[in-house]
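Next up, entry_33.txt (compact mmCIF, C-alpha atoms):
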```txt
# COMPACT_ATOMS: atom_id res chain seq x y z
CA MET A 1 -33.57 -226.44 17.99
CA PRO A 2 -35.60 -224.26 15.59
CA ASN A 3 -33.84 -221.56 13.58
CA PHE A 4 -34.87 -217.93 13.84
CA GLN A 5 -34.86 -216.01 10.58
CA LEU A 6 -34.03 -212.37 9.98
CA LEU A 7 -34.95 -211.53 6.40
CA ALA A 8 -33.44 -208.92 4.09
CA VAL A 9 -34.27 -207.89 0.54
CA ALA A 10 -31.34 -207.92 -1.89
CA ALA A 11 -31.01 -206.46 -5.39
CA ASP A 12 -32.72 -209.53 -6.87
CA ASN A 13 -35.87 -208.64 -4.86
CA PHE A 14 -35.82 -211.99 -3.04
CA LEU A 15 -35.91 -212.35 0.71
CA HIS A 16 -32.71 -213.78 2.19
CA ASP A 17 -32.14 -215.06 5.69
CA VAL A 18 -29.37 -213.03 7.36
CA SER A 19 -29.82 -214.20 10.94
CA THR A 20 -26.86 -215.37 13.00
CA LEU A 21 -29.37 -217.71 14.65
CA SER A 22 -29.68 -219.65 11.37
CA PRO A 23 -26.08 -220.89 11.15
CA ALA A 24 -24.79 -222.69 8.06
CA SER A 25 -21.19 -223.31 9.16
CA PRO A 26 -19.42 -224.66 12.26
CA SER A 27 -18.12 -221.24 13.30
CA THR A 28 -21.59 -219.69 13.28
CA GLU A 29 -22.92 -222.72 15.17
CA TRP A 30 -20.53 -221.77 17.97
CA ILE A 31 -21.55 -218.12 17.76
CA ARG A 32 -25.20 -219.12 18.13
CA PHE A 33 -24.35 -221.39 21.07
CA LEU A 34 -22.48 -218.54 22.77
CA PHE A 35 -25.47 -216.23 22.25
CA TYR A 36 -27.89 -218.73 23.77
CA PHE A 37 -25.55 -219.56 26.65
CA VAL A 38 -24.94 -215.93 27.63
CA THR A 39 -28.66 -215.17 27.27
CA ALA A 40 -29.55 -218.15 29.48
CA VAL A 41 -27.03 -217.16 32.17
CA GLY A 42 -28.27 -213.57 32.11
CA ALA A 43 -31.90 -214.72 32.30
CA PHE A 44 -31.10 -217.00 35.26
CA ILE A 45 -29.41 -214.17 37.17
CA LEU A 46 -32.30 -211.83 36.38
CA ALA A 47 -34.83 -214.45 37.56
CA VAL A 48 -32.96 -214.99 40.85
CA VAL A 49 -32.62 -211.26 41.57
CA TRP A 50 -36.23 -210.45 40.73
CA GLY A 51 -37.44 -213.56 42.58
CA VAL A 52 -35.68 -212.50 45.79
CA LEU A 53 -36.90 -208.94 45.32
CA PHE A 54 -40.58 -209.88 44.93
CA TYR A 55 -40.39 -212.46 47.73
CA SER A 56 -38.96 -209.79 50.04
CA LEU A 57 -41.63 -207.28 49.02
CA VAL A 58 -44.41 -209.73 49.81
CA ARG A 59 -42.96 -211.58 52.80
CA PHE A 60 -41.66 -208.53 54.65
CA ARG A 61 -44.15 -205.91 53.60
CA ARG A 62 -45.07 -203.38 56.25
CA LYS A 63 -48.01 -204.48 58.44
CA ARG A 64 -50.68 -201.95 59.17
CA ASN A 65 -51.67 -201.65 62.87
CA ILE A 66 -54.81 -199.57 63.26
CA ARG A 67 -55.71 -198.08 66.63
CA SER A 68 -59.26 -197.99 67.88
CA SER A 69 -59.31 -194.31 66.97
CA GLY A 70 -58.72 -195.20 63.34
CA GLU A 71 -55.17 -193.84 63.26
CA GLU A 72 -52.32 -195.97 61.93
CA GLN A 73 -49.88 -197.05 64.64
CA PRO A 74 -46.16 -197.19 63.65
CA THR A 75 -44.78 -200.68 63.21
CA SER A 76 -42.68 -201.79 66.18
CA ALA A 77 -39.14 -203.09 65.89
CA ALA A 78 -40.43 -206.51 66.91
CA THR A 79 -42.25 -206.89 63.60
CA GLU A 80 -39.20 -206.13 61.40
CA PRO A 81 -37.27 -209.02 59.77
CA PRO A 82 -33.96 -210.07 61.35
CA GLN A 83 -31.14 -207.66 60.55
CA VAL A 84 -28.01 -209.48 59.41
CA TYR A 85 -24.58 -207.87 59.63
CA GLY A 86 -21.27 -209.39 58.51
CA SER A 87 -22.55 -212.90 57.67
CA ILE A 88 -19.55 -214.92 56.45
CA PRO A 89 -21.65 -217.58 54.61
CA ILE A 90 -23.59 -214.90 52.72
CA GLU A 91 -20.43 -213.00 51.79
CA ILE A 92 -18.77 -216.22 50.59
CA ALA A 93 -21.86 -217.06 48.52
CA TRP A 94 -22.08 -213.73 46.74
CA THR A 95 -18.33 -213.80 46.05
CA VAL A 96 -18.04 -217.41 44.84
CA ALA A 97 -21.21 -217.48 42.74
CA PRO A 98 -20.23 -214.55 40.45
CA GLY A 99 -16.72 -216.01 40.21
CA ILE A 100 -18.11 -219.33 38.95
CA ILE A 101 -20.35 -217.54 36.45
CA VAL A 102 -17.45 -215.44 35.14
CA LEU A 103 -15.27 -218.55 34.85
CA LEU A 104 -17.93 -220.41 32.86
CA LEU A 105 -18.44 -217.43 30.53
CA THR A 106 -14.68 -217.10 30.03
CA LEU A 107 -14.28 -220.79 29.16
CA VAL A 108 -17.15 -220.72 26.66
CA ILE A 109 -15.93 -217.48 25.06
CA VAL A 110 -12.37 -218.80 24.72
CA ARG A 111 -13.62 -222.06 23.19
CA THR A 112 -15.84 -220.15 20.75
CA GLU A 113 -12.94 -217.90 19.77
CA MET A 114 -10.76 -220.96 19.12
CA GLU A 115 -13.42 -222.45 16.85
CA VAL A 116 -14.08 -219.19 14.99
CA ARG A 117 -10.39 -218.25 14.48
CA VAL A 118 -9.10 -221.49 12.99
CA ARG A 119 -5.74 -221.01 11.28
CA GLN A 120 -5.12 -222.02 7.68
CA PRO A 121 -3.58 -225.54 7.56
CA LYS A 122 -0.25 -226.14 5.84
CA ASP A 123 -1.65 -229.09 3.88
CA LEU A 124 -4.32 -227.34 1.80
CA ALA A 125 -4.55 -230.23 -0.67
CA GLY A 126 -5.23 -232.75 2.08
CA ALA A 127 -7.86 -230.46 3.56
CA HIS A 128 -9.52 -229.93 0.12
CA ALA A 129 -9.43 -226.25 1.06
CA VAL A 130 -10.06 -223.16 -1.03
CA THR A 131 -8.09 -220.00 -0.27
CA ALA A 132 -8.99 -216.52 -1.42
CA ALA A 133 -8.13 -212.90 -0.72
CA VAL A 134 -10.80 -210.28 -0.07
CA VAL A 135 -9.91 -206.62 -0.66
CA GLY A 136 -12.33 -203.92 0.44
CA HIS A 137 -12.60 -200.76 -1.65
CA GLN A 138 -14.87 -197.74 -1.47
CA TRP A 139 -17.46 -199.14 -2.19
CA TRP A 140 -17.02 -202.57 -3.72
CA TRP A 141 -15.35 -205.92 -3.06
CA GLU A 142 -12.44 -207.48 -4.89
CA TYR A 143 -11.94 -211.26 -4.70
CA ILE A 144 -8.84 -213.21 -5.70
CA ILE A 145 -9.16 -217.01 -5.69
CA LYS A 146 -5.68 -218.20 -4.71
CA SER A 147 -5.94 -221.99 -4.66
CA ASP A 148 -8.34 -224.91 -4.85
CA GLY A 149 -6.87 -227.88 -3.04
CA ASP A 150 -3.48 -228.55 -4.62
CA LYS A 151 -4.16 -226.28 -7.61
CA THR A 152 -2.69 -222.79 -7.52
CA ILE A 153 -5.02 -220.27 -9.12
CA ASP A 154 -5.05 -216.52 -9.61
CA VAL A 155 -8.62 -215.67 -10.55
CA VAL A 156 -9.82 -212.12 -9.93
CA THR A 157 -13.49 -211.20 -9.73
CA ALA A 158 -15.58 -208.54 -8.02
CA ASN A 159 -18.61 -208.17 -5.76
CA GLU A 160 -19.86 -211.75 -6.16
CA ILE A 161 -17.83 -214.79 -5.21
CA HIS A 162 -18.52 -218.49 -5.74
CA LEU A 163 -17.19 -221.09 -3.30
CA PRO A 164 -17.72 -224.85 -2.96
CA ALA A 165 -19.95 -226.67 -0.53
CA GLY A 166 -18.74 -229.75 1.28
CA SER A 167 -20.61 -233.03 1.28
CA ASP A 168 -22.40 -234.42 4.32
CA ASN A 169 -23.17 -237.73 2.63
CA GLU A 170 -22.26 -240.48 5.09
CA GLU A 171 -20.57 -242.54 2.37
CA LYS A 172 -18.79 -239.67 0.64
CA ALA A 173 -18.44 -237.04 3.35
CA LYS A 174 -15.99 -234.38 2.23
CA SER A 175 -15.04 -231.16 3.95
CA ARG A 176 -14.38 -228.06 1.78
CA PRO A 177 -13.16 -225.36 4.18
CA VAL A 178 -12.65 -221.84 2.86
CA TYR A 179 -9.84 -219.65 4.19
CA LEU A 180 -9.98 -215.93 3.47
CA THR A 181 -7.39 -213.20 3.97
CA LEU A 182 -8.95 -209.79 4.43
CA GLU A 183 -7.31 -206.52 3.41
CA SER A 184 -8.37 -202.95 2.72
CA ALA A 185 -7.24 -200.71 -0.12
CA ASP A 186 -8.41 -197.48 1.53
CA VAL A 187 -10.41 -197.23 4.78
CA CYS A 188 -11.68 -199.69 7.38
CA HIS A 189 -14.35 -202.12 6.19
CA SER A 190 -15.87 -205.22 7.81
CA PHE A 191 -16.72 -208.50 6.06
CA TRP A 192 -19.90 -210.01 7.49
CA VAL A 193 -22.02 -212.80 6.03
CA PRO A 194 -24.02 -213.67 9.18
CA ARG A 195 -24.88 -217.29 8.36
CA LEU A 196 -21.31 -218.21 7.36
CA ALA A 197 -19.00 -216.40 9.77
CA GLY A 198 -18.73 -213.62 12.31
CA LYS A 199 -17.65 -210.07 11.52
CA THR A 200 -14.00 -209.53 10.66
CA ASP A 201 -12.56 -206.09 9.95
CA LEU A 202 -10.49 -205.13 6.92
CA ILE A 203 -7.93 -202.63 8.15
CA PRO A 204 -5.45 -200.68 5.98
CA GLY A 205 -1.92 -202.03 6.40
CA ARG A 206 -3.06 -205.21 8.16
CA VAL A 207 -4.06 -208.70 6.97
CA ASN A 208 -6.82 -210.46 8.93
CA GLU A 209 -8.06 -214.00 8.43
CA MET A 210 -11.39 -215.79 8.39
CA TRP A 211 -12.60 -219.31 7.71
CA PHE A 212 -15.88 -221.16 7.21
CA GLU A 213 -17.29 -224.25 5.59
CA THR A 214 -20.81 -225.36 4.80
CA THR A 215 -22.67 -228.26 3.25
CA GLU A 216 -25.65 -226.11 2.25
CA PRO A 217 -25.46 -224.73 -1.33
CA GLY A 218 -27.21 -221.45 -2.01
CA LEU A 219 -26.82 -217.69 -1.98
CA TYR A 220 -25.66 -216.07 1.26
CA VAL A 221 -25.92 -212.30 1.55
CA GLY A 222 -24.18 -209.92 3.90
CA GLN A 223 -23.08 -206.36 4.41
CA CYS A 224 -20.02 -204.27 5.13
CA ALA A 225 -20.39 -203.85 8.89
CA GLU A 226 -17.97 -200.95 9.44
CA TYR A 227 -18.93 -197.43 8.37
CA CYS A 228 -16.70 -196.64 5.40
CA GLY A 229 -18.16 -193.53 3.83
CA ALA A 230 -21.19 -192.21 1.99
CA GLN A 231 -22.11 -195.50 0.26
CA HIS A 232 -21.43 -197.81 3.20
CA ALA A 233 -25.05 -199.00 3.24
CA ASN A 234 -24.77 -200.04 -0.41
CA MET A 235 -21.60 -202.11 0.02
CA LEU A 236 -23.35 -205.46 0.00
CA LEU A 237 -22.00 -209.00 -0.03
CA ARG A 238 -23.11 -211.95 -2.16
CA VAL A 239 -21.49 -215.33 -1.57
CA TYR A 240 -22.66 -218.22 -3.75
CA ILE A 241 -22.02 -221.65 -2.26
CA ASP A 242 -22.07 -224.09 -5.18
CA THR A 243 -22.03 -227.83 -5.47
CA PRO A 244 -18.52 -229.09 -6.31
CA GLU A 245 -19.50 -229.54 -9.97
CA GLU A 246 -20.98 -226.04 -10.25
CA PHE A 247 -17.97 -224.50 -8.55
CA ALA A 248 -15.56 -226.31 -10.89
CA ALA A 249 -17.53 -225.05 -13.91
CA TRP A 250 -17.61 -221.47 -12.56
CA LEU A 251 -13.89 -221.54 -11.82
CA GLU A 252 -13.06 -222.89 -15.27
CA ASN A 253 -15.04 -220.09 -16.89
CA GLU A 254 -13.47 -217.42 -14.67
CA MET A 255 -9.97 -218.57 -15.63
CA LYS A 256 -10.66 -217.90 -19.31
CA PRO A 257 -9.98 -214.53 -20.96
CA ALA A 258 -12.90 -212.33 -21.91
CA VAL A 259 -15.26 -213.42 -24.66
CA ASN A 260 -14.24 -211.94 -28.01
CA ASP A 261 -17.51 -211.43 -29.87
CA ALA A 262 -16.81 -210.31 -33.43
CA GLY A 263 -20.23 -208.69 -33.53
CA GLN A 264 -19.21 -206.33 -30.71
CA ALA A 265 -15.94 -205.08 -32.26
CA GLU A 266 -17.24 -201.52 -32.41
CA GLY A 267 -18.39 -201.62 -28.77
CA GLN A 268 -15.03 -203.05 -27.68
CA ARG A 269 -13.23 -200.31 -29.59
CA ALA A 270 -15.43 -197.66 -27.92
CA PHE A 271 -14.56 -199.10 -24.49
CA MET A 272 -10.83 -199.29 -25.20
CA THR A 273 -10.60 -195.72 -26.47
CA GLN A 274 -12.28 -194.21 -23.39
CA SER A 275 -10.94 -193.72 -19.87
CA CYS A 276 -12.53 -197.07 -18.86
CA VAL A 277 -9.19 -198.86 -19.46
CA ASN A 278 -7.45 -196.74 -16.81
CA CYS A 279 -9.56 -198.28 -14.02
CA HIS A 280 -10.89 -201.63 -15.23
CA THR A 281 -9.33 -204.91 -16.33
CA ILE A 282 -10.73 -207.10 -19.09
CA ARG A 283 -8.35 -210.02 -19.47
CA GLY A 284 -7.37 -210.76 -23.04
CA THR A 285 -7.53 -207.08 -24.03
CA GLN A 286 -5.38 -204.00 -23.47
CA ALA A 287 -7.56 -202.95 -20.51
CA HIS A 288 -5.42 -203.50 -17.39
CA GLY A 289 -6.73 -200.91 -14.92
CA LYS A 290 -6.62 -201.82 -11.23
CA PHE A 291 -8.66 -199.08 -9.56
CA GLY A 292 -12.12 -200.47 -10.40
CA PRO A 293 -13.77 -203.89 -10.51
CA ASP A 294 -12.50 -206.55 -12.92
CA LEU A 295 -15.01 -206.74 -15.80
CA THR A 296 -13.68 -209.85 -17.57
CA HIS A 297 -16.83 -211.85 -16.81
CA LEU A 298 -19.15 -209.05 -15.76
CA ALA A 299 -22.22 -210.46 -17.54
CA ALA A 300 -21.93 -213.73 -15.61
CA ARG A 301 -22.89 -211.90 -12.42
CA LYS A 302 -26.41 -211.31 -11.16
CA THR A 303 -25.77 -207.83 -9.78
CA PHE A 304 -23.26 -204.99 -9.96
CA ALA A 305 -22.31 -201.89 -7.94
CA ALA A 306 -21.51 -204.16 -4.95
CA GLY A 307 -24.80 -206.02 -5.03
CA MET A 308 -26.83 -202.82 -5.15
CA ILE A 309 -28.41 -203.22 -8.61
CA GLU A 310 -29.65 -206.15 -10.66
CA LEU A 311 -27.48 -206.63 -13.73
CA ASN A 312 -29.44 -206.11 -16.93
CA ARG A 313 -28.92 -204.00 -20.02
CA ASP A 314 -31.13 -201.11 -18.93
CA ASN A 315 -29.53 -200.75 -15.49
CA LEU A 316 -26.02 -201.06 -16.91
CA ARG A 317 -26.73 -198.44 -19.56
CA LYS A 318 -27.96 -195.99 -16.90
CA TRP A 319 -24.86 -196.67 -14.82
CA ILE A 320 -22.45 -196.04 -17.69
CA GLY A 321 -24.36 -192.85 -18.59
CA ASP A 322 -24.05 -191.37 -15.09
CA PRO A 323 -23.18 -193.59 -12.09
CA GLN A 324 -23.52 -190.62 -9.72
CA LYS A 325 -27.29 -190.66 -10.22
CA ILE A 326 -27.39 -194.25 -8.91
CA LYS A 327 -24.58 -194.44 -6.35
CA VAL A 328 -23.90 -190.92 -5.14
CA GLU A 329 -20.22 -190.12 -4.44
CA CYS A 330 -18.99 -193.39 -5.93
CA LEU A 331 -15.50 -192.99 -7.37
CA MET A 332 -16.62 -193.46 -10.99
CA PRO A 333 -17.51 -190.09 -12.52
CA ALA A 334 -19.86 -189.36 -15.38
CA PHE A 335 -17.71 -189.06 -18.53
CA GLY A 336 -20.28 -187.30 -20.67
CA LEU A 337 -20.34 -190.07 -23.26
CA SER A 338 -22.58 -189.75 -26.27
CA GLU A 339 -25.73 -191.86 -26.30
CA ARG A 340 -24.25 -193.93 -29.11
CA ASN A 341 -21.09 -194.74 -27.17
CA VAL A 342 -23.09 -195.56 -24.05
CA ASN A 343 -25.15 -198.08 -26.01
CA LEU A 344 -22.10 -199.56 -27.76
CA ILE A 345 -20.20 -200.05 -24.49
CA THR A 346 -23.27 -201.46 -22.76
CA ASP A 347 -23.84 -204.02 -25.51
CA TYR A 348 -20.16 -205.02 -25.42
CA LEU A 349 -20.06 -205.47 -21.65
CA MET A 350 -23.24 -207.58 -21.71
CA THR A 351 -21.40 -210.18 -23.83
CA LEU A 352 -18.68 -210.70 -21.19
CA LYS A 353 -20.00 -213.90 -19.65
```
Output the file's structure in the form of structure tokens.
Amino acid sequence: MPNFQLLAVAADNFLHDVSTLSPASPSTEWIRFLFYFVTAVGAFILAVVWGVLFYSLVRFRRKRNIRSSGEEQPTSAATEPPQVYGSIPIEIAWTVAPGIIVLLLTLVIVRTEMEVRVRQPKDLAGAHAVTAAVVGHQWWWEYIIKSDGDKTIDVVTANEIHLPAGSDNEEKAKSRPVYLTLESADVCHSFWVPRLAGKTDLIPGRVNEMWFETTEPGLYVGQCAEYCGAQHANMLLRVYIDTPEEFAAWLENEMKPAVNDAGQAEGQRAFMTQSCVNCHTIRGTQAHGKFGPDLTHLAARKTFAAGMIELNRDNLRKWIGDPQKIKVECLMPAFGLSERNVNLITDYLMTLK
């Protein structure tokens, strides 16, 4: 069956397929099947109703009976179709048929829900599973990689997450399911990467769950699907599905403390002496803030500001100078830094790979 593509432009200026009809995981395969099934049932009902309607219009249309004088004579009762009252077979038919349709729809919906809401297995090592927590903030995403198979990990990153692809090789087939817990730090959000999984809300005070797996490496983009404030439209999602080797390399780098570049000592000092440390964490330094994104490996990302802007020196410098000009009402204010300090901090952050 051919895939239908819905394209969206991300911060990298590339077109990305964000159609639920181009599934890349088992759960979205079921969502697509449900869509087609319900559409087919609805189309069948519509065809039957309209077919009967048009047949009746043509078959029992009013016959014109013209008198010799040219005047139209009223149609007699003898020419009308038979009038049926209280037909038991007809009443049984229009009661049973909708019941069967509702039953079929219920069974398919329940089966789809069971496939989409798979619970995290107890044996994560045996399942070669990756677990992670997703925390929604206004207006960015926090990711905490909890475990990779039998390895317990506590890697924190922001806005872009890397996860492993399984293998569909017949000789070395290996499943790599991903289990996510979804929480909110402030208001309601909704995590939606259409090709990987259905929408799941992040609700304050509640932990929801999601799972998916795919054998197709690549970048999958999505969007917060629950209005969460002024910058809701710019709360984008970027999920990188890597080969097992690429994922292992990314994870190894993320577990390291921040790069300590001796040539950026002045820039590091400028960062540490400003209010930046109250909100941001850079592991391996005295910056342990928790209110903003973790910046330990900021320069290893392709974008920032929740996927809104391509990460390069010029864009980062503008952001540090005054983020309100780029992302209005974001929770990072303009600190009125001197041009020199803006440049020093920008150069320091661009070394954090």
Checklist entry - Hey, what's within 12 Å of range 221-225 of chain A if we count all atoms listed in the file and toss same-chain stuff fewer than 5 positions away? As a VMD selection string, please? => result chain A and resid 6 to 12 14 to 20 135 to 141 159 to 161 184 187 to 202 231 to 241 306 to 308
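Atom to atom, CA of Thr215 in chain A and CA of Val116 in chain A stand 17.1 Å apart.
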Next on the checklist: Just to confirm, what's the straight-line distance from CA of Thr296 in chain A to CA of Lys256 in chain A in Å (one decimal)?
Outcome noted: 8.8 Å
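What separates CA of Ala133 in chain A from CA of Asn260 in chain A is a distance of 28.0 Å.
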With range 346-349 of chain A as the partner and 8 Å as the cut-off, tabulate the residues of range 227-269 of chain A that qualify, each row holding the nearest pair of atoms and their distance in Å to one decimal, using all atoms listed in the file, sorted by chain and rising number, as a tab-separated table.
```
residue	atom	partner	partner_atom	distance
A:Gln264	CA	A:Tyr348	CA	5.5
A:Gly267	CA	A:Tyr348	CA	5.1
A:Gln268	CA	A:Tyr348	CA	5.9
```
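Candidate residues A:Pro257, A:Glu115, A:Ile31, A:Ile326 were compared for distance to Leu352 in chain A, and the nearest is A:Pro257, using only C-alpha atoms.
When all atoms listed in the file are used to measure the gap to Arg301 in chain A, the shortest distance among A:Gln286, A:Asn343, A:Thr157, A:Gln324 belongs to A:Thr157.
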Next on the checklist: If we count all atoms listed in the file and set the cut-off at 7 Å, which residues sit around Asn208 in chain A, ignoring sequence neighbours fewer than 5 positions away in its own chain? Please answer as an MDAnalysis selection string.
Outcome noted: chainID A and resid 181:183 202
Next on the checklist: Neighbouring residues of Ile345 in chain A were defined as those with any atom within 10 Å, considering only C-alpha atoms; residues of the same chain fewer than 4 positions away were excluded. Please report them as a PyMOL selection string.
Outcome noted: chain A and resi 264+266-272+274+276+316-317+320+340-341+349-350
Saved selection, atoms kept: C-alpha atoms, as a PDB file, in the frame of the given file:
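Once written, out.pdb looks like this:
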```pdb
ATOM      1  CA  GLN A 264     -19.210-206.330 -30.710  1.00  0.00           C
ATOM      2  CA  GLU A 266     -17.240-201.520 -32.410  1.00  0.00           C
ATOM      3  CA  GLY A 267     -18.390-201.620 -28.770  1.00  0.00           C
ATOM      4  CA  GLN A 268     -15.030-203.050 -27.680  1.00  0.00           C
ATOM      5  CA  ARG A 269     -13.230-200.310 -29.590  1.00  0.00           C
ATOM      6  CA  ALA A 270     -15.430-197.660 -27.920  1.00  0.00           C
ATOM      7  CA  PHE A 271     -14.560-199.100 -24.490  1.00  0.00           C
ATOM      8  CA  MET A 272     -10.830-199.290 -25.200  1.00  0.00           C
ATOM      9  CA  GLN A 274     -12.280-194.210 -23.390  1.00  0.00           C
ATOM     10  CA  CYS A 276     -12.530-197.070 -18.860  1.00  0.00           C
ATOM     11  CA  LEU A 316     -26.020-201.060 -16.910  1.00  0.00           C
ATOM     12  CA  ARG A 317     -26.730-198.440 -19.560  1.00  0.00           C
ATOM     13  CA  ILE A 320     -22.450-196.040 -17.690  1.00  0.00           C
ATOM     14  CA  ARG A 340     -24.250-193.930 -29.110  1.00  0.00           C
ATOM     15  CA  ASN A 341     -21.090-194.740 -27.170  1.00  0.00           C
ATOM     16  CA  LEU A 349     -20.060-205.470 -21.650  1.00  0.00           C
ATOM     17  CA  MET A 350     -23.240-207.580 -21.710  1.00  0.00           C
TER      18      MET A 350
END
```
Item to check | Nearest residue to Lys151 in chain A from the set A:Met114, A:Leu21, A:Val342, A:Leu251 (distances using all atoms listed in the file) | outcome: A:Leu251
Next on the checklist: Neighbouring residues of Glu245 in chain A were defined as those with any atom within 12 Å, considering all atoms listed in the file; residues of the same chain fewer than 2 positions away were excluded. Please report them as a count of residues only.
Outcome noted: 16
Next on the checklist: With 12 Å as the threshold, what does the neighbourhood of (-5.8, -208.0, -15.8) contain in terms of residues, counting all atoms listed in the file? Coordinates are those of the file; answer as an NGL selection string.
Outcome noted: :A and (144 or 154-157 or 255-258 or 277-297)
Restrict the selected residues to C-alpha atoms and save them as a short mmCIF file (atom, residue, chain, number, x, y, z; two decimals), in the coordinates of the input.
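Result file follows (out02.cif):
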```cif
data_model
loop_
_atom_site.label_atom_id
_atom_site.label_comp_id
_atom_site.auth_asym_id
_atom_site.auth_seq_id
_atom_site.Cartn_x
_atom_site.Cartn_y
_atom_site.Cartn_z
CA ILE A 144 -8.84 -213.21 -5.70
CA ASP A 154 -5.05 -216.52 -9.61
CA VAL A 155 -8.62 -215.67 -10.55
CA VAL A 156 -9.82 -212.12 -9.93
CA THR A 157 -13.49 -211.20 -9.73
CA MET A 255 -9.97 -218.57 -15.63
CA LYS A 256 -10.66 -217.90 -19.31
CA PRO A 257 -9.98 -214.53 -20.96
CA ALA A 258 -12.90 -212.33 -21.91
CA VAL A 277 -9.19 -198.86 -19.46
CA ASN A 278 -7.45 -196.74 -16.81
CA CYS A 279 -9.56 -198.28 -14.02
CA HIS A 280 -10.89 -201.63 -15.23
CA THR A 281 -9.33 -204.91 -16.33
CA ILE A 282 -10.73 -207.10 -19.09
CA ARG A 283 -8.35 -210.02 -19.47
CA GLY A 284 -7.37 -210.76 -23.04
CA THR A 285 -7.53 -207.08 -24.03
CA GLN A 286 -5.38 -204.00 -23.47
CA ALA A 287 -7.56 -202.95 -20.51
CA HIS A 288 -5.42 -203.50 -17.39
CA GLY A 289 -6.73 -200.91 -14.92
CA LYS A 290 -6.62 -201.82 -11.23
CA PHE A 291 -8.66 -199.08 -9.56
CA GLY A 292 -12.12 -200.47 -10.40
CA PRO A 293 -13.77 -203.89 -10.51
CA ASP A 294 -12.50 -206.55 -12.92
CA LEU A 295 -15.01 -206.74 -15.80
CA THR A 296 -13.68 -209.85 -17.57
CA HIS A 297 -16.83 -211.85 -16.81
#
```
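Taking only C-alpha atoms into account, Phe304 in chain A lies nearest to A:Ala158 out of the set A:Ile90, A:Ala158, A:Ile153, A:Leu107.
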Checklist entry - Got a sec: who's within 8 Å of Thr351 in chain A, counting all atoms listed in the file, leaving out chain neighbours fewer than 5 positions off, as a VMD selection string? => result chain A and resid 259 261 299
